[in-house]
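Novice: Contents of input24.cif (mmCIF, C-alpha atoms and all ligand atoms) are below:
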```cif
data_input
loop_
_atom_site.label_atom_id
_atom_site.label_comp_id
_atom_site.auth_asym_id
_atom_site.auth_seq_id
_atom_site.Cartn_x
_atom_site.Cartn_y
_atom_site.Cartn_z
CA MET A 354 -44.41 30.29 -17.63
CA ILE A 355 -42.27 28.77 -20.37
CA GLY A 356 -43.86 25.67 -21.95
CA SER A 357 -42.14 22.35 -22.64
CA GLN A 358 -41.79 23.01 -26.36
CA GLU A 359 -40.08 26.37 -25.78
CA ILE A 360 -37.59 24.70 -23.41
CA ILE A 361 -36.88 22.00 -25.97
CA ASP A 362 -36.42 24.61 -28.72
CA GLU A 363 -34.10 26.60 -26.47
CA ILE A 364 -31.80 23.83 -25.29
CA CYS A 365 -31.68 21.30 -28.16
CA ARG A 366 -28.95 21.63 -30.77
CA TYR A 367 -29.05 19.77 -34.06
CA ASP A 368 -26.37 17.94 -36.01
CA VAL A 369 -23.68 18.44 -33.38
CA PRO A 370 -20.29 16.79 -34.14
CA LEU A 371 -19.44 14.46 -31.27
CA GLN A 372 -15.82 14.26 -32.37
CA ARG A 373 -15.04 17.36 -30.35
CA TYR A 374 -16.50 15.79 -27.19
CA THR A 375 -15.06 12.26 -27.26
CA SER A 376 -11.61 11.46 -25.86
CA PHE A 377 -10.87 9.48 -29.05
CA LYS A 378 -11.57 12.69 -31.03
CA THR A 379 -13.40 10.69 -33.67
CA GLY A 380 -17.03 10.08 -34.60
CA GLY A 381 -19.90 11.68 -36.46
CA ALA A 382 -22.66 14.01 -35.35
CA ALA A 383 -25.55 13.64 -32.94
CA GLU A 384 -28.90 14.23 -34.59
CA ILE A 385 -29.88 16.16 -31.43
CA PHE A 386 -27.59 17.14 -28.55
CA VAL A 387 -28.94 18.55 -25.33
CA GLU A 388 -27.58 19.69 -21.98
CA PRO A 389 -30.54 19.99 -19.61
CA ARG A 390 -29.86 22.48 -16.84
CA ASN A 391 -31.93 20.79 -14.16
CA THR A 392 -34.18 17.83 -13.33
CA SER A 393 -37.29 19.49 -14.72
CA GLU A 394 -35.62 20.12 -18.09
CA LEU A 395 -34.31 16.55 -18.14
CA GLU A 396 -37.85 15.30 -17.62
CA LYS A 397 -39.12 17.45 -20.50
CA VAL A 398 -36.36 16.17 -22.78
CA LEU A 399 -37.30 12.58 -21.95
CA GLN A 400 -40.98 13.29 -22.60
CA PHE A 401 -40.01 14.80 -25.97
CA CYS A 402 -38.01 11.65 -26.80
CA LYS A 403 -41.03 9.51 -25.92
CA ASP A 404 -43.46 11.63 -27.98
CA GLU A 405 -41.11 11.83 -30.98
CA GLN A 406 -39.81 8.28 -30.57
CA LYS A 407 -36.22 9.43 -30.38
CA LYS A 408 -33.59 6.97 -29.25
CA ILE A 409 -31.81 8.12 -26.07
CA PHE A 410 -28.03 8.19 -25.61
CA ILE A 411 -26.44 9.36 -22.37
CA PHE A 412 -23.09 11.04 -22.68
CA GLY A 413 -20.78 11.74 -19.74
CA ASN A 414 -17.41 12.99 -20.93
CA GLY A 415 -17.11 10.52 -23.79
CA THR A 416 -13.97 8.90 -22.39
CA ASN A 417 -15.28 5.38 -22.85
CA ILE A 418 -17.33 5.77 -26.02
CA LEU A 419 -16.49 5.17 -29.68
CA VAL A 420 -19.00 7.02 -31.86
CA ASN A 421 -19.53 5.67 -35.38
CA ASP A 422 -18.34 7.98 -38.17
CA ASN A 423 -21.95 8.20 -39.38
CA GLY A 424 -22.98 9.64 -36.03
CA VAL A 425 -26.06 8.75 -34.01
CA ARG A 426 -29.76 9.13 -34.82
CA GLY A 427 -31.57 10.26 -31.72
CA MET A 428 -31.07 12.44 -28.66
CA VAL A 429 -27.67 12.63 -26.99
CA ILE A 430 -28.12 13.89 -23.43
CA ARG A 431 -25.26 15.32 -21.39
CA LEU A 432 -25.71 16.45 -17.80
CA GLY A 433 -23.65 19.57 -18.32
CA GLY A 434 -25.89 22.05 -16.46
CA VAL A 435 -24.81 23.59 -13.14
CA ASN A 436 -27.50 21.71 -11.22
CA PHE A 437 -25.82 18.43 -12.13
CA LYS A 438 -22.41 19.73 -11.11
CA LYS A 439 -22.94 20.35 -7.41
CA VAL A 440 -20.91 18.77 -4.64
CA SER A 441 -21.76 18.93 -0.95
CA ARG A 442 -20.61 17.26 2.22
CA ILE A 443 -22.01 16.26 5.60
CA ASP A 444 -19.30 14.62 7.72
CA LYS A 445 -18.06 11.59 5.78
CA TYR A 446 -20.99 11.64 3.33
CA VAL A 447 -20.32 13.41 0.04
CA SER A 448 -23.07 14.08 -2.45
CA SER A 449 -22.12 14.71 -6.09
CA GLY A 450 -24.07 15.57 -9.21
CA ALA A 451 -23.52 13.10 -12.05
CA GLY A 452 -22.05 15.81 -14.29
CA VAL A 453 -19.19 16.53 -11.90
CA ASP A 454 -15.74 15.84 -13.24
CA LEU A 455 -14.47 12.74 -11.43
CA SER A 456 -10.92 14.06 -11.09
CA GLN A 457 -12.21 17.24 -9.43
CA LEU A 458 -14.27 15.23 -6.96
CA ILE A 459 -11.28 13.03 -6.14
CA ARG A 460 -9.13 16.08 -5.43
CA LYS A 461 -11.82 17.83 -3.41
CA THR A 462 -12.51 14.84 -1.16
CA ALA A 463 -8.78 14.26 -0.65
CA LEU A 464 -8.35 17.88 0.45
CA TRP A 465 -11.27 17.42 2.84
CA GLY A 466 -9.33 14.54 4.41
CA LEU A 467 -11.78 11.95 3.13
CA GLU A 468 -10.37 8.66 1.92
CA GLY A 469 -11.83 6.29 -0.68
CA LEU A 470 -11.99 7.99 -4.05
CA GLU A 471 -8.22 8.57 -4.44
CA VAL A 472 -7.88 5.02 -5.82
CA LEU A 473 -9.63 6.27 -8.99
CA VAL A 474 -7.06 8.98 -9.73
CA GLY A 475 -6.18 9.28 -13.40
CA ILE A 476 -9.55 7.99 -14.61
CA PRO A 477 -11.10 10.73 -16.74
CA GLY A 478 -14.83 11.35 -17.16
CA THR A 479 -17.82 12.29 -15.06
CA VAL A 480 -19.17 10.84 -11.83
CA GLY A 481 -22.26 9.54 -13.69
CA GLY A 482 -20.13 7.78 -16.31
CA ALA A 483 -17.91 6.29 -13.61
CA VAL A 484 -20.93 4.85 -11.79
CA MET A 485 -22.43 3.35 -14.96
CA MET A 486 -19.06 1.79 -15.85
CA ASN A 487 -18.17 0.91 -12.25
CA ALA A 488 -14.87 2.57 -13.04
CA GLY A 489 -11.80 1.43 -11.21
CA GLY A 490 -8.70 -0.68 -11.32
CA LYS A 491 -6.43 -2.75 -9.16
CA HIS A 492 -6.75 -0.39 -6.19
CA GLY A 493 -10.56 -0.47 -6.13
CA ASN A 494 -13.78 0.38 -7.96
CA ILE A 495 -16.14 3.31 -7.49
CA SER A 496 -18.97 1.02 -6.30
CA GLU A 497 -17.05 0.34 -3.07
CA THR A 498 -17.58 3.91 -1.83
CA ILE A 499 -21.17 4.52 -2.96
CA SER A 500 -23.93 4.77 -0.35
CA SER A 501 -26.87 5.78 -2.57
CA ILE A 502 -27.76 6.76 -6.14
CA THR A 503 -30.58 8.89 -7.56
CA THR A 504 -31.61 8.27 -11.15
CA MET A 505 -34.30 9.28 -13.59
CA THR A 506 -35.74 6.46 -15.66
CA PHE A 507 -36.13 7.02 -19.40
CA ASP A 508 -39.86 7.51 -18.72
CA GLY A 509 -39.17 10.34 -16.30
CA LYS A 510 -39.52 8.68 -12.88
CA ILE A 511 -37.07 9.56 -10.13
CA LYS A 512 -35.65 6.56 -8.27
CA ASP A 513 -33.52 6.39 -5.14
CA TYR A 514 -31.34 3.36 -4.56
CA ASN A 515 -29.29 2.23 -1.63
CA ARG A 516 -25.93 0.83 -2.65
CA GLU A 517 -27.01 -2.76 -1.94
CA ASP A 518 -30.02 -2.47 -4.29
CA VAL A 519 -27.75 -1.95 -7.29
CA GLU A 520 -25.83 -4.78 -8.88
CA PHE A 521 -22.32 -3.75 -9.85
CA THR A 522 -20.22 -5.91 -12.11
CA TYR A 523 -16.76 -5.61 -13.65
CA ARG A 524 -17.12 -2.34 -15.60
CA GLY A 525 -20.87 -2.09 -15.39
CA CYS A 526 -24.05 -2.05 -13.35
CA ASN A 527 -27.72 -2.84 -13.81
CA LEU A 528 -29.11 0.71 -14.06
CA ASP A 529 -30.25 0.19 -17.65
CA LYS A 530 -32.50 2.81 -19.25
CA GLN A 531 -31.84 5.21 -16.39
CA ILE A 532 -29.90 8.39 -16.06
CA VAL A 533 -27.68 8.70 -13.00
CA MET A 534 -28.35 12.20 -11.62
CA LYS A 535 -26.79 12.17 -8.17
CA VAL A 536 -24.49 9.92 -6.19
CA GLU A 537 -23.78 9.85 -2.48
CA PHE A 538 -20.48 8.45 -1.28
CA ILE A 539 -19.56 7.27 2.18
CA LEU A 540 -15.88 7.95 2.74
CA LYS A 541 -13.46 7.50 5.60
CA GLU A 542 -11.97 10.34 7.60
CA SER A 543 -8.21 10.24 7.33
CA ARG A 544 -5.12 12.43 7.13
CA LYS A 545 -5.14 14.68 4.07
CA GLU A 546 -1.37 14.34 3.53
CA GLU A 547 -1.57 10.55 3.50
CA ILE A 548 -4.42 10.53 0.98
CA LEU A 549 -2.62 12.99 -1.31
CA GLU A 550 0.55 10.95 -1.10
CA ARG A 551 -1.29 7.75 -1.98
CA MET A 552 -3.05 9.54 -4.82
CA ASP A 553 0.24 10.76 -6.19
CA LYS A 554 1.72 7.26 -6.03
CA ILE A 555 -1.23 5.66 -7.83
CA TYR A 556 -1.22 8.37 -10.51
CA LYS A 557 2.52 7.98 -11.17
CA GLU A 558 2.09 4.21 -11.45
CA LYS A 559 -0.77 4.66 -13.94
CA LYS A 560 1.10 7.28 -15.97
CA GLU A 561 4.10 5.03 -16.25
CA LYS A 562 2.06 2.19 -17.73
CA GLN A 563 -0.64 3.95 -19.77
CA PRO A 564 -0.54 6.54 -22.58
CA LEU A 565 -2.62 9.01 -20.57
CA SER A 566 -2.09 12.15 -22.61
CA THR A 567 -3.08 10.71 -25.97
CA PHE A 568 -6.45 10.47 -27.75
CA SER A 569 -7.81 7.15 -26.48
CA ALA A 570 -10.69 5.69 -24.51
CA GLY A 571 -8.68 3.76 -21.94
CA CYS A 572 -8.70 -0.02 -22.08
CA ILE A 573 -10.52 -1.34 -25.13
CA PHE A 574 -11.14 -4.88 -23.85
CA LYS A 575 -12.12 -6.36 -20.52
CA ASN A 576 -9.68 -8.66 -18.82
CA THR A 577 -10.85 -12.26 -18.60
CA HIS A 578 -10.76 -14.39 -15.44
CA TYR A 579 -7.61 -16.08 -16.67
CA PHE A 580 -5.81 -13.51 -18.84
CA LYS A 581 -5.16 -9.82 -18.98
CA ALA A 582 -6.22 -8.52 -22.39
CA ALA A 583 -3.04 -6.41 -22.67
CA GLU A 584 -0.82 -9.45 -22.10
CA LEU A 585 -2.55 -11.46 -24.81
CA ILE A 586 -2.38 -8.57 -27.30
CA GLU A 587 1.30 -8.01 -26.55
CA LYS A 588 2.08 -11.72 -26.82
CA ALA A 589 0.36 -11.78 -30.21
CA ASP A 590 2.81 -9.09 -31.40
CA LEU A 591 0.10 -6.54 -32.02
CA LYS A 592 1.72 -3.64 -30.19
CA GLY A 593 2.27 -0.90 -32.76
CA LYS A 594 -0.19 -2.47 -35.24
CA LYS A 595 -1.75 0.33 -37.31
CA VAL A 596 -4.90 0.90 -39.31
CA GLY A 597 -5.07 4.38 -40.86
CA GLY A 598 -4.48 6.84 -38.03
CA ALA A 599 -5.21 4.32 -35.27
CA ILE A 600 -2.46 2.38 -33.54
CA VAL A 601 -2.21 -0.23 -30.77
CA SER A 602 -0.28 1.67 -28.13
CA LYS A 603 3.34 0.63 -27.71
CA LYS A 604 3.10 1.62 -24.03
CA HIS A 605 -0.02 -0.38 -23.15
CA ALA A 606 -1.33 -3.01 -25.57
CA ASN A 607 -4.95 -2.67 -24.43
CA PHE A 608 -5.06 0.98 -25.53
CA ILE A 609 -5.79 2.08 -29.09
CA VAL A 610 -4.57 5.58 -29.79
CA ASN A 611 -5.76 8.06 -32.40
CA THR A 612 -2.47 9.48 -33.67
CA GLY A 613 -4.28 12.53 -35.05
CA ASN A 614 -6.21 11.64 -38.15
CA ALA A 615 -7.90 8.34 -37.25
CA THR A 616 -11.54 7.72 -38.03
CA SER A 617 -13.80 5.56 -35.91
CA ALA A 618 -13.75 3.08 -38.81
CA ASP A 619 -9.94 2.76 -38.40
CA ILE A 620 -10.38 2.04 -34.68
CA LEU A 621 -13.19 -0.45 -35.33
CA GLU A 622 -11.07 -2.28 -37.90
CA LEU A 623 -8.17 -2.47 -35.44
CA ILE A 624 -10.55 -3.85 -32.80
CA ARG A 625 -11.73 -6.46 -35.31
CA ILE A 626 -8.16 -7.48 -36.16
CA ILE A 627 -7.18 -7.80 -32.49
CA LYS A 628 -10.24 -9.92 -31.67
CA GLU A 629 -9.71 -12.18 -34.67
CA THR A 630 -6.00 -12.65 -33.95
CA ILE A 631 -6.51 -13.43 -30.25
CA LYS A 632 -9.29 -15.88 -31.05
CA LYS A 633 -7.14 -17.66 -33.66
CA LYS A 634 -3.95 -17.75 -31.59
CA TYR A 635 -5.30 -18.40 -28.09
CA ASN A 636 -8.96 -19.36 -28.58
CA VAL A 637 -9.98 -16.47 -26.32
CA SER A 638 -12.92 -14.20 -27.21
CA LEU A 639 -12.09 -10.69 -26.05
CA GLU A 640 -15.05 -8.62 -24.91
CA GLN A 641 -15.09 -4.84 -25.41
CA GLU A 642 -15.02 -2.55 -22.40
CA ILE A 643 -15.67 0.57 -24.46
CA GLN A 644 -19.20 1.46 -25.53
CA ILE A 645 -19.71 1.57 -29.28
CA TRP A 646 -22.43 3.93 -30.59
C1 LIG A 701 -6.67 7.72 -20.59
C2 LIG A 701 -7.83 6.94 -20.03
C3 LIG A 701 -7.65 6.14 -18.92
C4 LIG A 701 -8.71 5.39 -18.41
N1 LIG A 701 -8.51 4.61 -17.31
C5 LIG A 701 -9.53 3.92 -16.78
C6 LIG A 701 -9.34 3.10 -15.62
O1 LIG A 701 -8.27 3.02 -15.05
N2 LIG A 701 -10.43 2.43 -15.12
C7 LIG A 701 -11.66 2.52 -15.71
O2 LIG A 701 -12.61 1.90 -15.21
N3 LIG A 701 -11.86 3.26 -16.83
C8 LIG A 701 -10.84 3.97 -17.37
N4 LIG A 701 -11.05 4.73 -18.49
C9 LIG A 701 -12.36 4.72 -19.15
C10 LIG A 701 -13.29 5.87 -18.74
O3 LIG A 701 -12.56 6.97 -18.31
C11 LIG A 701 -14.28 5.46 -17.66
O4 LIG A 701 -15.10 4.42 -18.07
C12 LIG A 701 -15.15 6.64 -17.21
O5 LIG A 701 -15.77 6.32 -16.00
C13 LIG A 701 -16.21 7.04 -18.23
O6 LIG A 701 -16.81 8.25 -17.81
P1 LIG A 701 -17.49 9.26 -18.84
O7 LIG A 701 -18.18 10.31 -18.06
O8 LIG A 701 -16.51 9.74 -19.84
O9 LIG A 701 -18.57 8.32 -19.51
P2 LIG A 701 -18.88 8.17 -21.07
O10 LIG A 701 -17.69 7.61 -21.76
O11 LIG A 701 -19.44 9.41 -21.59
O12 LIG A 701 -20.01 7.05 -20.99
C14 LIG A 701 -19.71 5.73 -20.62
C15 LIG A 701 -21.02 4.96 -20.45
O13 LIG A 701 -21.75 5.48 -19.34
C16 LIG A 701 -23.01 5.98 -19.74
N5 LIG A 701 -23.27 7.19 -18.96
C17 LIG A 701 -22.46 8.28 -18.82
N6 LIG A 701 -23.00 9.14 -17.95
C18 LIG A 701 -24.17 8.61 -17.54
C19 LIG A 701 -25.20 9.03 -16.64
N7 LIG A 701 -25.15 10.19 -15.97
N8 LIG A 701 -26.28 8.21 -16.48
C20 LIG A 701 -26.37 7.04 -17.14
N9 LIG A 701 -25.44 6.61 -18.00
C21 LIG A 701 -24.35 7.37 -18.19
C22 LIG A 701 -22.91 6.21 -21.24
O14 LIG A 701 -24.18 6.10 -21.86
C23 LIG A 701 -21.96 5.10 -21.65
O15 LIG A 701 -22.67 3.90 -21.81
C24 LIG A 701 -9.99 5.47 -19.02
C25 LIG A 701 -10.17 6.29 -20.15
C26 LIG A 701 -9.09 7.02 -20.65
C27 LIG A 701 -9.31 7.91 -21.84
#
```
Do you think you could lay out the structure here as structure tokens?
Ligand SMILES: Cc1cc2nc3c(=O)[nH]c(=O)nc-3n(C[C@H](O)[C@H](O)[C@H](O)COP(=O)(O)OP(=O)(O)OC[C@H]3O[C@@H](n4cnc5c(N)ncnc54)[C@H](O)[C@@H]3O)c2cc1C

Specialist:
Amino acid sequence: MIGSQEIIDEICRYDVPLQRYTSFKTGGAAEIFVEPRNTSELEKVLQFCKDEQKKIFIFGNGTNILVNDNGVRGMVIRLGGVNFKKVSRIDKYVSSGAGVDLSQLIRKTALWGLEGLEVLVGIPGTVGGAVMMNAGGKHGNISETISSITTMTFDGKIKDYNREDVEFTYRGCNLDKQIVMKVEFILKESRKEEILERMDKIYKEKKEKQPLSTFSAGCIFKNTHYFKAAELIEKADLKGKKVGGAIVSKKHANFIVNTGNATSADILELIRIIKETIKKKYNVSLEQEIQIW
């Protein structure tokens, strides 16, 4: 039988540039990067982190993360193994591993004639990342279709939650220091053609308003109760504002785009400028939606 240390030696990689994994295409290296293939390996990785006092970072598809140019000290864990990428269905219940690509799950459930997830079309990332961020938009959030969630705590305990035991907020939830491993959705049986049509409509709408095929991390700031962040940024004449290779999108003011050679420092400086300007002009403190590592 292979021991814990051998598994760790086999699956951990050192000094791995995260730039190639993030949607911003910026950021430094992870001290250690690991893709456990199953629950048992994940548990061993977490035990290693505890023994070696390594800080834990969970990485989905990096579509909502800005990694510092200096990288991160600690263990970056990505649920990339096949065991975290399984999808199954019993009637209107769909179970998905956290490493599954959200867009693939949306398409699959639509083709099964199951309604509910199509409102998330166009949101990149993994199912696990979407749950942690309570991803969504004006047509709905992922939390509305969840029936249960299985996690592993940072100290290796498996926990099962019913939907009502988890507190979901605007772009977040209270599953701190836990790794989402599996999610069960309860969807509604419907006509496949209608779901696909709706999906197409929502995607076109999103594509028209957002710079989807650029290097970005989606909306940088959360909307406030009273104002949309994009409207304030646009009103403050910041569309097109540049720092190095980073620019405030001319298509959607709440997106910062890496035009090709931006560093994370450029993006951070642009974030600072936007926050300062909005505070000065409108006395509103914008809060970041993206996660900064
Ligand atoms: C072009 C574009 C459009 C976007 N549009 C939208 C939109 O309309 N609505 C919206 O809500 N978001 C949007 N986003 C943001 C982003 O896609 C979502 O937040 C997405 O759900 C993040 O998923 P991810 O797998 O990439 O997570 P990551 O970015 O990798 O991680 C996000 C957070 O979740 C945590 N995390 C990831 N996986 C797990 C896990 N298995 N267990 C525990 N924690 C985990 C990470 O530690 C991090 O804190 C957009 C992004 C882009 C680039």

Novice: Please report as a tab-separated table every residue of chain A lying within 6 Å of ligand LIG 701 (chain A), along with the nearest atom pair and their distance in Å (one decimal), using all atoms listed in the file.

Specialist:
```
residue	atom	partner	partner_atom	distance
A:Ser376	CA	A:LIG701	C27	5.8
A:Phe410	CA	A:LIG701	O14	5.8
A:Ile411	CA	A:LIG701	O14	4.0
A:Phe412	CA	A:LIG701	O11	4.1
A:Gly413	CA	A:LIG701	O11	3.3
A:Asn414	CA	A:LIG701	O8	3.5
A:Gly415	CA	A:LIG701	O11	3.4
A:Thr416	CA	A:LIG701	O8	3.7
A:Asn417	CA	A:LIG701	O10	3.5
A:Ile418	CA	A:LIG701	O10	4.7
A:Ala451	CA	A:LIG701	N7	5.1
A:Ile476	CA	A:LIG701	N1	4.4
A:Pro477	CA	A:LIG701	O3	4.3
A:Gly478	CA	A:LIG701	O8	3.5
A:Thr479	CA	A:LIG701	O7	3.6
A:Gly481	CA	A:LIG701	N7	3.7
A:Gly482	CA	A:LIG701	C17	3.5
A:Ala483	CA	A:LIG701	O5	3.2
A:Met485	CA	A:LIG701	O13	4.9
A:Met486	CA	A:LIG701	O4	5.2
A:Ala488	CA	A:LIG701	O2	3.2
A:Gly489	CA	A:LIG701	O2	4.1
A:Gly490	CA	A:LIG701	N2	5.2
A:Gln531	CA	A:LIG701	C20	5.8
A:Ile532	CA	A:LIG701	N8	3.6
A:Val533	CA	A:LIG701	N8	3.8
A:Met534	CA	A:LIG701	N7	5.8
A:Leu565	CA	A:LIG701	C1	4.3
A:Ser569	CA	A:LIG701	C27	4.9
A:Ala570	CA	A:LIG701	C27	3.7
A:Gly571	CA	A:LIG701	C25	3.4
A:Gln644	CA	A:LIG701	O15	5.6
```

Novice: Between A:Val387, A:Phe574, A:Phe507, A:Gly598, which has the minimum distance to Arg625 of chain A (counting all atoms listed in the file)?

Specialist: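 Closest to Arg625 of chain A of all the choices is A:Phe574.
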
Novice: Applying 7 Å and all atoms listed in the file, which residues near Leu467 of chain A remain after dropping the ones on its own chain fewer than 3 positions away? List them as a list in words.

Specialist: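 Counting all atoms listed in the file, the residues come to Lys445, Thr462, Ala463, Leu540, Lys541, Glu542 and Ser543 of chain A.
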
Novice: Those selected residues, please, written with C-alpha atoms and delivered as a short mmCIF file (atom, residue, chain, number, x, y, z; two decimals), in the frame of the given file.

Specialist:
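Everything below was put into part_39.cif:
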```cif
data_model
loop_
_atom_site.label_atom_id
_atom_site.label_comp_id
_atom_site.auth_asym_id
_atom_site.auth_seq_id
_atom_site.Cartn_x
_atom_site.Cartn_y
_atom_site.Cartn_z
CA LYS A 445 -18.06 11.59 5.78
CA THR A 462 -12.51 14.84 -1.16
CA ALA A 463 -8.78 14.26 -0.65
CA LEU A 540 -15.88 7.95 2.74
CA LYS A 541 -13.46 7.50 5.60
CA GLU A 542 -11.97 10.34 7.60
CA SER A 543 -8.21 10.24 7.33
#
```

Novice: Excluding same-chain residues fewer than 4 positions from Gln563 of chain A, what lies within 8 Å of it counting all atoms listed in the file, as a list in words?

Specialist: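 Answer for this query is Lys559, Lys604, His605 and Phe608 of chain A.
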
Novice: At what distance in Å, to one decimal, does atom CA of Gly380 of chain A lie from atom CA of Asn423 of chain A?

Specialist: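 Atom-to-atom, atom CA of Asn423 of chain A and atom CA of Gly380 of chain A are spaced 7.1 Å apart.
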
Novice: Could segment 599-618 of chain A be completed with N, CA and C atoms and written as a CSV table (one decimal), in the frame of the given file, please?

Specialist:
```csv
chain,number,residue,atom,x,y,z
A,599,ALA,N,-5.1,5.0,-36.6
A,599,ALA,CA,-5.2,4.3,-35.3
A,599,ALA,C,-4.1,3.3,-35.1
A,600,ILE,N,-3.6,3.3,-33.8
A,600,ILE,CA,-2.5,2.4,-33.5
A,600,ILE,C,-2.7,1.7,-32.2
A,601,VAL,N,-2.2,0.4,-32.1
A,601,VAL,CA,-2.2,-0.2,-30.8
A,601,VAL,C,-1.0,0.4,-30.0
A,602,SER,N,-1.3,1.0,-28.9
A,602,SER,CA,-0.3,1.7,-28.1
A,602,SER,C,0.9,0.8,-27.8
A,603,LYS,N,2.1,1.4,-28.0
A,603,LYS,CA,3.3,0.6,-27.7
A,603,LYS,C,3.6,0.6,-26.2
A,604,LYS,N,2.9,1.5,-25.5
A,604,LYS,CA,3.1,1.6,-24.0
A,604,LYS,C,2.2,0.6,-23.3
A,605,HIS,N,1.0,0.5,-23.8
A,605,HIS,CA,0.0,-0.4,-23.2
A,605,HIS,C,-0.9,-1.0,-24.2
A,606,ALA,N,-0.7,-2.3,-24.4
A,606,ALA,CA,-1.3,-3.0,-25.6
A,606,ALA,C,-2.9,-3.0,-25.6
A,607,ASN,N,-3.5,-2.7,-24.4
A,607,ASN,CA,-5.0,-2.7,-24.4
A,607,ASN,C,-5.5,-1.3,-24.7
A,608,PHE,N,-4.6,-0.4,-25.1
A,608,PHE,CA,-5.1,1.0,-25.5
A,608,PHE,C,-4.9,1.1,-27.0
A,609,ILE,N,-5.9,1.7,-27.7
A,609,ILE,CA,-5.8,2.1,-29.1
A,609,ILE,C,-5.7,3.6,-29.1
A,610,VAL,N,-4.8,4.1,-29.8
A,610,VAL,CA,-4.6,5.6,-29.8
A,610,VAL,C,-4.9,6.2,-31.2
A,611,ASN,N,-5.6,7.3,-31.2
A,611,ASN,CA,-5.8,8.1,-32.4
A,611,ASN,C,-4.5,9.0,-32.5
A,612,THR,N,-3.7,8.7,-33.6
A,612,THR,CA,-2.5,9.5,-33.7
A,612,THR,C,-2.7,10.9,-34.2
A,613,GLY,N,-4.0,11.2,-34.6
A,613,GLY,CA,-4.3,12.5,-35.0
A,613,GLY,C,-5.3,12.6,-36.1
A,614,ASN,N,-5.2,11.6,-37.1
A,614,ASN,CA,-6.2,11.6,-38.2
A,614,ASN,C,-7.0,10.3,-38.3
A,615,ALA,N,-7.2,9.6,-37.2
A,615,ALA,CA,-7.9,8.3,-37.2
A,615,ALA,C,-9.4,8.6,-37.4
A,616,THR,N,-10.1,7.7,-38.0
A,616,THR,CA,-11.5,7.7,-38.0
A,616,THR,C,-12.0,6.6,-37.1
A,617,SER,N,-13.3,6.6,-36.8
A,617,SER,CA,-13.8,5.6,-35.9
A,617,SER,C,-13.7,4.2,-36.7
A,618,ALA,N,-13.8,4.3,-38.0
A,618,ALA,CA,-13.8,3.1,-38.8
A,618,ALA,C,-12.4,2.5,-38.7
```
